[in-house]
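Chemist: Structure supplied as run21.txt; contents: compact mmCIF, C-alpha atoms and all ligand atoms.
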# COMPACT_ATOMS: atom_id res chain seq x y z
CA MET A 518 17.23 -17.68 -14.56
CA GLU A 519 14.38 -18.98 -12.41
CA GLU A 520 12.94 -16.28 -10.16
CA LYS A 521 13.28 -16.94 -6.43
CA GLU A 522 10.06 -16.95 -4.38
CA ILE A 523 10.37 -14.23 -1.74
CA SER A 524 8.48 -14.78 1.52
CA GLN A 525 5.64 -12.40 2.44
CA ALA A 526 7.47 -11.74 5.73
CA VAL A 527 10.43 -10.27 3.81
CA ILE A 528 8.12 -8.29 1.52
CA SER A 529 6.22 -6.85 4.48
CA ARG A 530 9.52 -5.50 5.88
CA LEU A 531 10.54 -3.73 2.64
CA PRO A 532 8.30 -0.63 3.03
CA ARG A 533 9.94 0.09 6.38
CA TYR A 534 13.45 -0.16 4.86
CA TYR A 535 12.23 2.10 2.06
CA ARG A 536 10.96 4.76 4.50
CA TYR A 537 14.15 4.80 6.56
CA LEU A 538 16.36 4.89 3.48
CA ARG A 539 14.38 7.78 2.04
CA ASP A 540 14.95 9.78 5.24
CA LEU A 541 18.66 8.88 5.29
CA LYS A 542 19.08 9.79 1.63
CA ASP A 543 17.20 13.09 2.14
CA ALA A 544 19.46 13.84 5.11
CA GLY A 545 22.48 13.51 2.78
CA LYS A 546 23.73 10.15 4.08
CA GLU A 547 25.56 8.55 1.14
CA ARG A 548 26.54 5.17 2.57
CA ILE A 549 25.27 3.05 5.42
CA SER A 550 26.44 -0.23 6.92
CA SER A 551 24.04 -2.96 7.99
CA GLN A 552 25.19 -2.34 11.61
CA GLU A 553 24.27 1.34 11.42
CA LEU A 554 20.93 0.61 9.74
CA SER A 555 20.33 -2.03 12.39
CA ARG A 556 20.86 0.52 15.18
CA ILE A 557 18.53 3.06 13.59
CA MET A 558 15.79 0.59 12.68
CA LYS A 559 16.13 -1.66 15.74
CA VAL A 560 16.38 -4.80 13.61
CA THR A 561 19.40 -7.11 13.80
CA ALA A 562 22.13 -6.58 11.21
CA SER A 563 21.89 -10.26 10.28
CA GLN A 564 18.16 -9.87 9.59
CA ILE A 565 18.94 -6.94 7.29
CA ARG A 566 21.65 -8.88 5.45
CA GLN A 567 19.39 -11.94 5.14
CA ASP A 568 16.55 -9.80 3.79
CA PHE A 569 18.80 -8.05 1.26
CA ASN A 570 20.43 -11.34 0.18
CA ASN A 571 17.05 -12.35 -1.23
CA PHE A 572 17.67 -9.68 -3.86
CA GLY A 573 21.37 -10.25 -4.47
CA GLY A 574 22.71 -8.32 -1.46
CA PHE A 575 22.73 -4.77 -2.93
CA GLY A 576 26.26 -3.82 -1.99
CA GLN A 577 29.66 -4.54 -0.57
CA GLN A 578 29.98 -5.87 2.95
CA GLY A 579 32.23 -3.77 5.18
CA TYR A 580 32.08 -0.77 2.87
CA GLY A 581 28.34 -0.43 3.45
CA TYR A 582 25.42 0.15 1.11
CA ASN A 583 24.97 3.11 -1.19
CA THR A 584 21.87 4.69 0.39
CA LYS A 585 20.38 6.20 -2.76
CA TYR A 586 20.96 3.03 -4.81
CA LEU A 587 19.47 0.84 -2.07
CA TYR A 588 16.46 3.14 -1.73
CA GLU A 589 15.86 3.10 -5.49
CA GLU A 590 16.33 -0.66 -5.81
CA ILE A 591 13.90 -1.38 -2.96
CA GLY A 592 11.48 1.05 -4.60
CA LYS A 593 11.73 -0.92 -7.85
CA ILE A 594 11.17 -4.22 -6.02
CA LEU A 595 8.06 -2.69 -4.45
CA GLY A 596 6.91 -1.59 -7.92
CA LEU A 597 7.10 2.07 -6.93
CA ASP A 598 8.86 3.04 -10.15
CA GLN A 599 5.56 2.44 -11.96
CA GLN A 600 2.30 4.39 -12.30
CA TYR A 601 -0.95 2.88 -11.05
CA ASN A 602 -4.39 4.08 -12.04
CA MET A 603 -6.78 3.90 -9.12
CA VAL A 604 -10.46 4.40 -8.47
CA LEU A 605 -12.24 4.82 -5.17
CA VAL A 606 -15.42 2.90 -4.33
CA GLY A 607 -17.14 4.53 -1.34
CA ALA A 608 -16.60 8.31 -1.28
CA GLY A 609 -17.29 8.76 2.45
CA ASN A 610 -14.99 10.03 5.20
CA LEU A 611 -12.27 7.43 4.90
CA GLY A 612 -12.31 7.24 1.11
CA GLN A 613 -12.06 11.01 0.74
CA ALA A 614 -9.18 11.15 3.22
CA ILE A 615 -7.27 8.45 1.32
CA VAL A 616 -7.73 10.17 -2.05
CA LYS A 617 -6.65 13.55 -0.66
CA TYR A 618 -3.63 12.04 1.07
CA LEU A 619 -2.38 10.13 -1.97
CA ILE A 620 -2.93 13.11 -4.27
CA SER A 621 -0.98 15.36 -1.90
CA ARG A 622 1.92 12.85 -1.89
CA GLN A 623 2.23 13.12 -5.70
CA SER A 624 3.21 9.46 -5.85
CA GLY A 625 2.74 6.99 -8.69
CA PHE A 626 -0.71 6.15 -7.33
CA HIS A 627 -2.98 8.16 -9.57
CA PHE A 628 -6.72 8.52 -8.86
CA THR A 629 -8.95 8.95 -11.88
CA CYS A 630 -12.49 8.61 -10.50
CA ALA A 631 -14.59 7.84 -7.41
CA PHE A 632 -17.89 5.93 -7.19
CA ASP A 633 -20.66 5.91 -4.62
CA ILE A 634 -24.31 4.92 -4.18
CA ASP A 635 -25.26 8.31 -2.69
CA PRO A 636 -26.71 10.64 -5.40
CA HIS A 637 -25.97 13.70 -3.21
CA LEU A 638 -22.29 13.19 -3.96
CA TYR A 639 -22.52 13.14 -7.76
CA ASP A 640 -22.11 16.88 -8.21
CA GLN A 641 -19.07 16.89 -5.90
CA THR A 642 -15.39 16.17 -6.44
CA ILE A 643 -12.59 14.99 -4.15
CA ALA A 644 -9.47 17.07 -4.81
CA GLY A 645 -10.69 17.44 -8.39
CA ILE A 646 -11.62 13.75 -8.82
CA PRO A 647 -15.25 13.30 -9.96
CA ILE A 648 -17.71 11.13 -8.02
CA ARG A 649 -19.95 8.98 -10.21
CA PRO A 650 -22.81 6.51 -9.60
CA VAL A 651 -21.53 3.07 -8.65
CA GLU A 652 -23.68 1.59 -11.45
CA ASP A 653 -21.11 3.12 -13.86
CA LEU A 654 -18.17 1.35 -12.23
CA LYS A 655 -18.09 -1.78 -14.41
CA SER A 656 -18.35 0.09 -17.69
CA TYR A 657 -15.75 2.61 -16.48
CA ILE A 658 -13.31 -0.25 -15.80
CA ASP A 659 -14.09 -1.79 -19.22
CA GLU A 660 -13.30 1.51 -20.94
CA ASN A 661 -10.34 2.71 -18.86
CA ASP A 662 -7.13 1.28 -17.43
CA VAL A 663 -7.79 0.69 -13.75
CA ASP A 664 -5.08 -1.11 -11.80
CA ILE A 665 -6.24 -0.72 -8.21
CA VAL A 666 -9.67 -0.24 -6.60
CA VAL A 667 -9.72 1.27 -3.13
CA LEU A 668 -12.73 -0.16 -1.30
CA THR A 669 -14.06 2.03 1.52
CA ILE A 670 -17.66 0.87 1.79
CA PRO A 671 -19.55 -0.88 4.60
CA LYS A 672 -18.66 -4.47 5.39
CA SER A 673 -22.15 -5.62 4.33
CA GLU A 674 -21.47 -4.38 0.75
CA ALA A 675 -17.81 -5.27 0.37
CA ARG A 676 -17.98 -8.95 -0.61
CA ARG A 677 -20.52 -8.32 -3.37
CA SER A 678 -18.51 -5.42 -4.80
CA ALA A 679 -15.31 -7.45 -4.63
CA GLN A 680 -16.90 -10.40 -6.47
CA MET A 681 -18.01 -8.04 -9.21
CA LEU A 682 -14.50 -6.56 -9.43
CA ALA A 683 -12.97 -10.04 -9.66
CA ASP A 684 -14.79 -10.43 -12.99
CA THR A 685 -13.15 -7.32 -14.44
CA LYS A 686 -9.58 -6.57 -15.55
CA VAL A 687 -8.75 -4.76 -12.29
CA LYS A 688 -5.45 -6.05 -10.90
CA ALA A 689 -5.89 -5.38 -7.20
CA ILE A 690 -8.17 -4.27 -4.38
CA TRP A 691 -6.97 -2.22 -1.43
CA ASN A 692 -9.72 -3.17 0.98
CA PHE A 693 -10.59 -1.12 4.07
CA ALA A 694 -14.00 -2.69 4.78
CA HIS A 695 -13.93 -4.71 7.99
CA VAL A 696 -13.98 -8.07 6.26
CA ASP A 697 -11.03 -10.07 4.94
CA LEU A 698 -11.75 -10.58 1.27
CA GLU A 699 -10.68 -13.81 -0.35
CA LEU A 700 -10.69 -13.68 -4.13
CA PRO A 701 -9.27 -15.72 -7.02
CA PRO A 702 -5.48 -15.43 -7.43
CA HIS A 703 -5.65 -13.27 -10.57
CA ILE A 704 -6.73 -10.32 -8.39
CA GLN A 705 -4.46 -9.19 -5.57
CA VAL A 706 -6.06 -8.15 -2.29
CA GLU A 707 -4.57 -6.23 0.60
CA ASN A 708 -6.91 -6.06 3.60
CA VAL A 709 -6.15 -3.10 5.86
CA HIS A 710 -7.41 -2.87 9.43
CA LEU A 711 -6.15 0.21 11.28
CA GLN A 712 -7.74 -1.11 14.46
CA ASP A 713 -5.37 -4.11 14.52
CA SER A 714 -2.57 -1.70 15.25
CA LEU A 715 -4.69 0.12 17.86
CA MET A 716 -5.51 -3.20 19.56
CA LYS A 717 -1.79 -4.03 19.67
CA LEU A 718 -1.26 -0.67 21.34
CA SER A 719 -4.01 -1.28 23.89
CA TYR A 720 -2.53 -4.73 24.63
CA ASN A 721 0.86 -3.15 25.27
CA ILE A 722 -0.71 -0.50 27.54
CA SER A 723 -2.50 -3.13 29.60
CA LYS A 724 0.62 -5.34 29.73
CA SER A 725 2.72 -2.41 30.97
CA GLY A 726 0.32 -1.95 33.90
CA ASN A 727 -0.56 1.65 32.92
CA SER A 728 -4.24 1.03 32.14
P1 LIG A 801 -18.85 6.59 5.43
O1 LIG A 801 -20.22 6.20 5.80
O2 LIG A 801 -18.41 7.99 5.65
O3 LIG A 801 -18.60 6.24 3.86
C1 LIG A 801 -19.04 5.09 3.24
C2 LIG A 801 -19.46 5.47 1.82
O4 LIG A 801 -19.71 4.29 1.09
C3 LIG A 801 -20.73 6.32 1.77
O5 LIG A 801 -20.52 7.49 1.00
C4 LIG A 801 -21.77 5.39 1.13
O6 LIG A 801 -22.73 6.09 0.39
C5 LIG A 801 -20.88 4.52 0.27
N1 LIG A 801 -21.41 3.22 -0.11
C6 LIG A 801 -22.14 2.36 0.63
N2 LIG A 801 -22.39 1.24 -0.08
C7 LIG A 801 -21.80 1.39 -1.29
C8 LIG A 801 -21.67 0.58 -2.45
N3 LIG A 801 -22.23 -0.63 -2.52
N4 LIG A 801 -20.98 1.06 -3.50
C9 LIG A 801 -20.41 2.29 -3.46
N5 LIG A 801 -20.51 3.12 -2.40
C10 LIG A 801 -21.18 2.66 -1.31
O7 LIG A 801 -17.89 5.57 6.17
P2 LIG A 801 -16.30 5.69 6.39
O8 LIG A 801 -16.04 6.22 7.72
O9 LIG A 801 -15.71 6.35 5.21
O10 LIG A 801 -15.89 4.15 6.41
C11 LIG A 801 -16.02 3.36 5.26
C12 LIG A 801 -15.79 1.90 5.59
O11 LIG A 801 -14.46 1.70 6.05
C13 LIG A 801 -16.69 1.42 6.74
O12 LIG A 801 -17.05 0.09 6.46
C14 LIG A 801 -15.78 1.48 7.97
O13 LIG A 801 -16.17 0.55 8.94
C15 LIG A 801 -14.47 1.11 7.34
N6 LIG A 801 -13.29 1.61 8.05
C16 LIG A 801 -12.21 0.80 8.01
C17 LIG A 801 -11.03 1.18 8.58
C18 LIG A 801 -9.89 0.25 8.49
O14 LIG A 801 -8.89 0.45 9.12
N7 LIG A 801 -9.99 -0.80 7.72
C19 LIG A 801 -10.89 2.47 9.26
C20 LIG A 801 -12.08 3.27 9.21
C21 LIG A 801 -13.25 2.84 8.63
Would you mind writing the file out in structure tokens?
Ligand code: NAI
Modeler:
Amino acid sequence: MEEKEISQAVISRLPRYYRYLRDLKDAGKERISSQELSRIMKVTASQIRQDFNNFGGFGQQGYGYNTKYLYEEIGKILGLDQQYNMVLVGAGNLGQAIVKYLISRQSGFHFTCAFDIDPHLYDQTIAGIPIRPVEDLKSYIDENDVDIVVLTIPKSEARRSAQMLADTKVKAIWNFAHVDLELPPHIQVENVHLQDSLMKLSYNISKSGNS
């Protein structure tokens, strides 16, 4: 059967469904209707049904969805049933915080090594993960399975590093440098800008007349 192309808009809503369903499942909720999920998530029930129909619907209308099943299926669609080997490039404040956070979550995102240009860091570890010279990065990737590189280096360095990574077998870059990276399609890129969300917040403050 030919696989249906799912829009990025639908995909970007899946993590939120996943989070809510995890909480509902953990709270012991066994079934949930699209109306109830709609009330909790403040999304229309028809949006929820439309989104889920992209993946075959997941459950009986009227009777509601099985929360645990839906949570697990959305997890599989998001690829969260797999393990990913990750390395960090840029072991500064942000990079260290990301590594520590993901390690504490004990998720399928598994850090194996960090790289930096600063020699002062080479005798240090981040939550047990060694920090090595960035010159070793390419050979490390050649010799080890690395799925995702987390890029937390200055903007001025990011494009060059990303170009180098595009010539390796790395599958994806999770980019935090303040530049939107555009790379060949064989390497996935997710550009993250926390400030976009903060600017949205500041817009809403000024619009509400509270500023
Ligand atoms: P930081 O200065 O604490 O850490 C940066 C690290 O990158 C340093 O350890 C430095 O030695 C290393 N580095 C520099 N060039 C390198 C290279 N070519 N290869 C490997 N390592 C290299 O800075 P911080 O606060 O951790 O921020 C890192 C980057 O992330 C900055 O560009 C910052 O603007 C950006 N940032 C982005 C956010 C976002 O939402 N996207 C949020 C916060 C920071």
Chemist: Once you count only C-alpha atoms and all ligand atoms, which residues end up within 7 Å of ligand LIG 801 (chain A), and could you hand them over as an mmCIF file with C-alpha atoms, in the frame of the given file?
Modeler:
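Output file selection.cif is given in full below:
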data_model
loop_
_atom_site.group_PDB
_atom_site.id
_atom_site.type_symbol
_atom_site.label_atom_id
_atom_site.label_comp_id
_atom_site.auth_asym_id
_atom_site.auth_seq_id
_atom_site.Cartn_x
_atom_site.Cartn_y
_atom_site.Cartn_z
ATOM 1 C CA VAL A 606 -15.420 2.900 -4.330
ATOM 2 C CA GLY A 607 -17.140 4.530 -1.340
ATOM 3 C CA ALA A 608 -16.600 8.310 -1.280
ATOM 4 C CA GLY A 609 -17.290 8.760 2.450
ATOM 5 C CA ASN A 610 -14.990 10.030 5.200
ATOM 6 C CA LEU A 611 -12.270 7.430 4.900
ATOM 7 C CA GLY A 612 -12.310 7.240 1.110
ATOM 8 C CA PHE A 632 -17.890 5.930 -7.190
ATOM 9 C CA ASP A 633 -20.660 5.910 -4.620
ATOM 10 C CA ILE A 634 -24.310 4.920 -4.180
ATOM 11 C CA ASP A 635 -25.260 8.310 -2.690
ATOM 12 C CA VAL A 651 -21.530 3.070 -8.650
ATOM 13 C CA THR A 669 -14.060 2.030 1.520
ATOM 14 C CA ILE A 670 -17.660 0.870 1.790
ATOM 15 C CA PRO A 671 -19.550 -0.880 4.600
ATOM 16 C CA LYS A 672 -18.660 -4.470 5.390
ATOM 17 C CA GLU A 674 -21.470 -4.380 0.750
ATOM 18 C CA SER A 678 -18.510 -5.420 -4.800
ATOM 19 C CA PHE A 693 -10.590 -1.120 4.070
ATOM 20 C CA ALA A 694 -14.000 -2.690 4.780
ATOM 21 C CA HIS A 695 -13.930 -4.710 7.990
ATOM 22 C CA VAL A 709 -6.150 -3.100 5.860
ATOM 23 C CA HIS A 710 -7.410 -2.870 9.430
ATOM 24 C CA LEU A 711 -6.150 0.210 11.280
ATOM 25 C CA GLN A 712 -7.740 -1.110 14.460
#
Chemist: With all atoms listed in the file as the atoms that count, which of A:Thr642, A:Thr561, A:Gln600, A:Gln567 lies nearest to Lys617 in chain A?
Modeler: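 So, comparing all the options, the nearest one is A:Thr642.
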Chemist: Identify the residues within 12 Å of coordinate (30.1, -6.6, 13.5) (same frame as the file), considering only C-alpha atoms, and give the answer as a ChimeraX atom specification.
Modeler: /A:550-553,555-556,561-563,566,578-579,581
Chemist: In Å, how far is it from CA of Ala544 in chain A to CA of Ile565 in chain A?
Modeler: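 Taking CA of Ala544 in chain A as the start and CA of Ile565 in chain A as the end point, the length is 20.9 Å.
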Chemist: Please determine, counting only C-alpha atoms, which residue among A:Pro650, A:Pro701, A:Gly596, A:Gly625 has the shortest atom-to-atom distance to Leu682 in chain A.
Modeler: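 Nearest candidate to Leu682 in chain A out of A:Pro650, A:Pro701, A:Gly596, A:Gly625: A:Pro701.
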Chemist: Using CA of Gly545 in chain A and CA of Leu619 in chain A as the two end points, give the distance in Å to one decimal.
Modeler: 25.5 Å
Chemist: Write out, as JSON lines, each residue of range 576-689 of chain A that has an atom at most 8 Å from range 531-538 of chain A, together with the closest pair of atoms and their distance in Å to one decimal, counting only C-alpha atoms, rows going by chain and rising number.
Modeler:
{"residue": "A:Thr584", "atom": "CA", "partner": "A:Leu538", "partner_atom": "CA", "distance": 6.3}
{"residue": "A:Lys585", "atom": "CA", "partner": "A:Leu538", "partner_atom": "CA", "distance": 7.5}
{"residue": "A:Leu587", "atom": "CA", "partner": "A:Leu538", "partner_atom": "CA", "distance": 7.5}
{"residue": "A:Tyr588", "atom": "CA", "partner": "A:Leu538", "partner_atom": "CA", "distance": 5.5}
{"residue": "A:Ile591", "atom": "CA", "partner": "A:Tyr535", "partner_atom": "CA", "distance": 6.3}
{"residue": "A:Gly592", "atom": "CA", "partner": "A:Tyr535", "partner_atom": "CA", "distance": 6.8}
{"residue": "A:Leu595", "atom": "CA", "partner": "A:Leu531", "partner_atom": "CA", "distance": 7.6}
Chemist: What's the separation between CA of Trp691 in chain A and CA of Ile665 in chain A, in Å to one decimal place?
Modeler: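 Going from CA of Trp691 in chain A over to CA of Ile665 in chain A covers 7.0 Å.
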Chemist: As lines of an AutoDock Vina configuration file, what would the box around range 704-714 of chain A look like: edges along x, y and z, 5 Å added on every side, centre and edge lengths in Å to one decimal?
Modeler:
center_x = -5.2
center_y = -5.1
center_z = 3.4
size_x = 15.2
size_y = 20.5
size_z = 33.6
Chemist: May I have the residues within 7 Å of His627 in chain A as a ChimeraX atom specification, using all atoms listed in the file and disregarding those fewer than 5 positions away in the same chain?
Modeler: /A:601-603
Chemist: In terms of the shortest atom-to-atom distance over only C-alpha atoms, which of A:Ile594, A:Leu654, A:Ile690, A:Leu554 is closest to Gly573 in chain A?
Modeler: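 For Gly573 in chain A, the nearest of the given residues is A:Ile594.
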Chemist: For Leu638 in chain A, which residue among A:Asn692, A:Thr685, A:Gln613, A:Gln705 is the nearest when counting only C-alpha atoms?
Modeler: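 The shortest atom-to-atom distance to Leu638 in chain A comes from A:Gln613.
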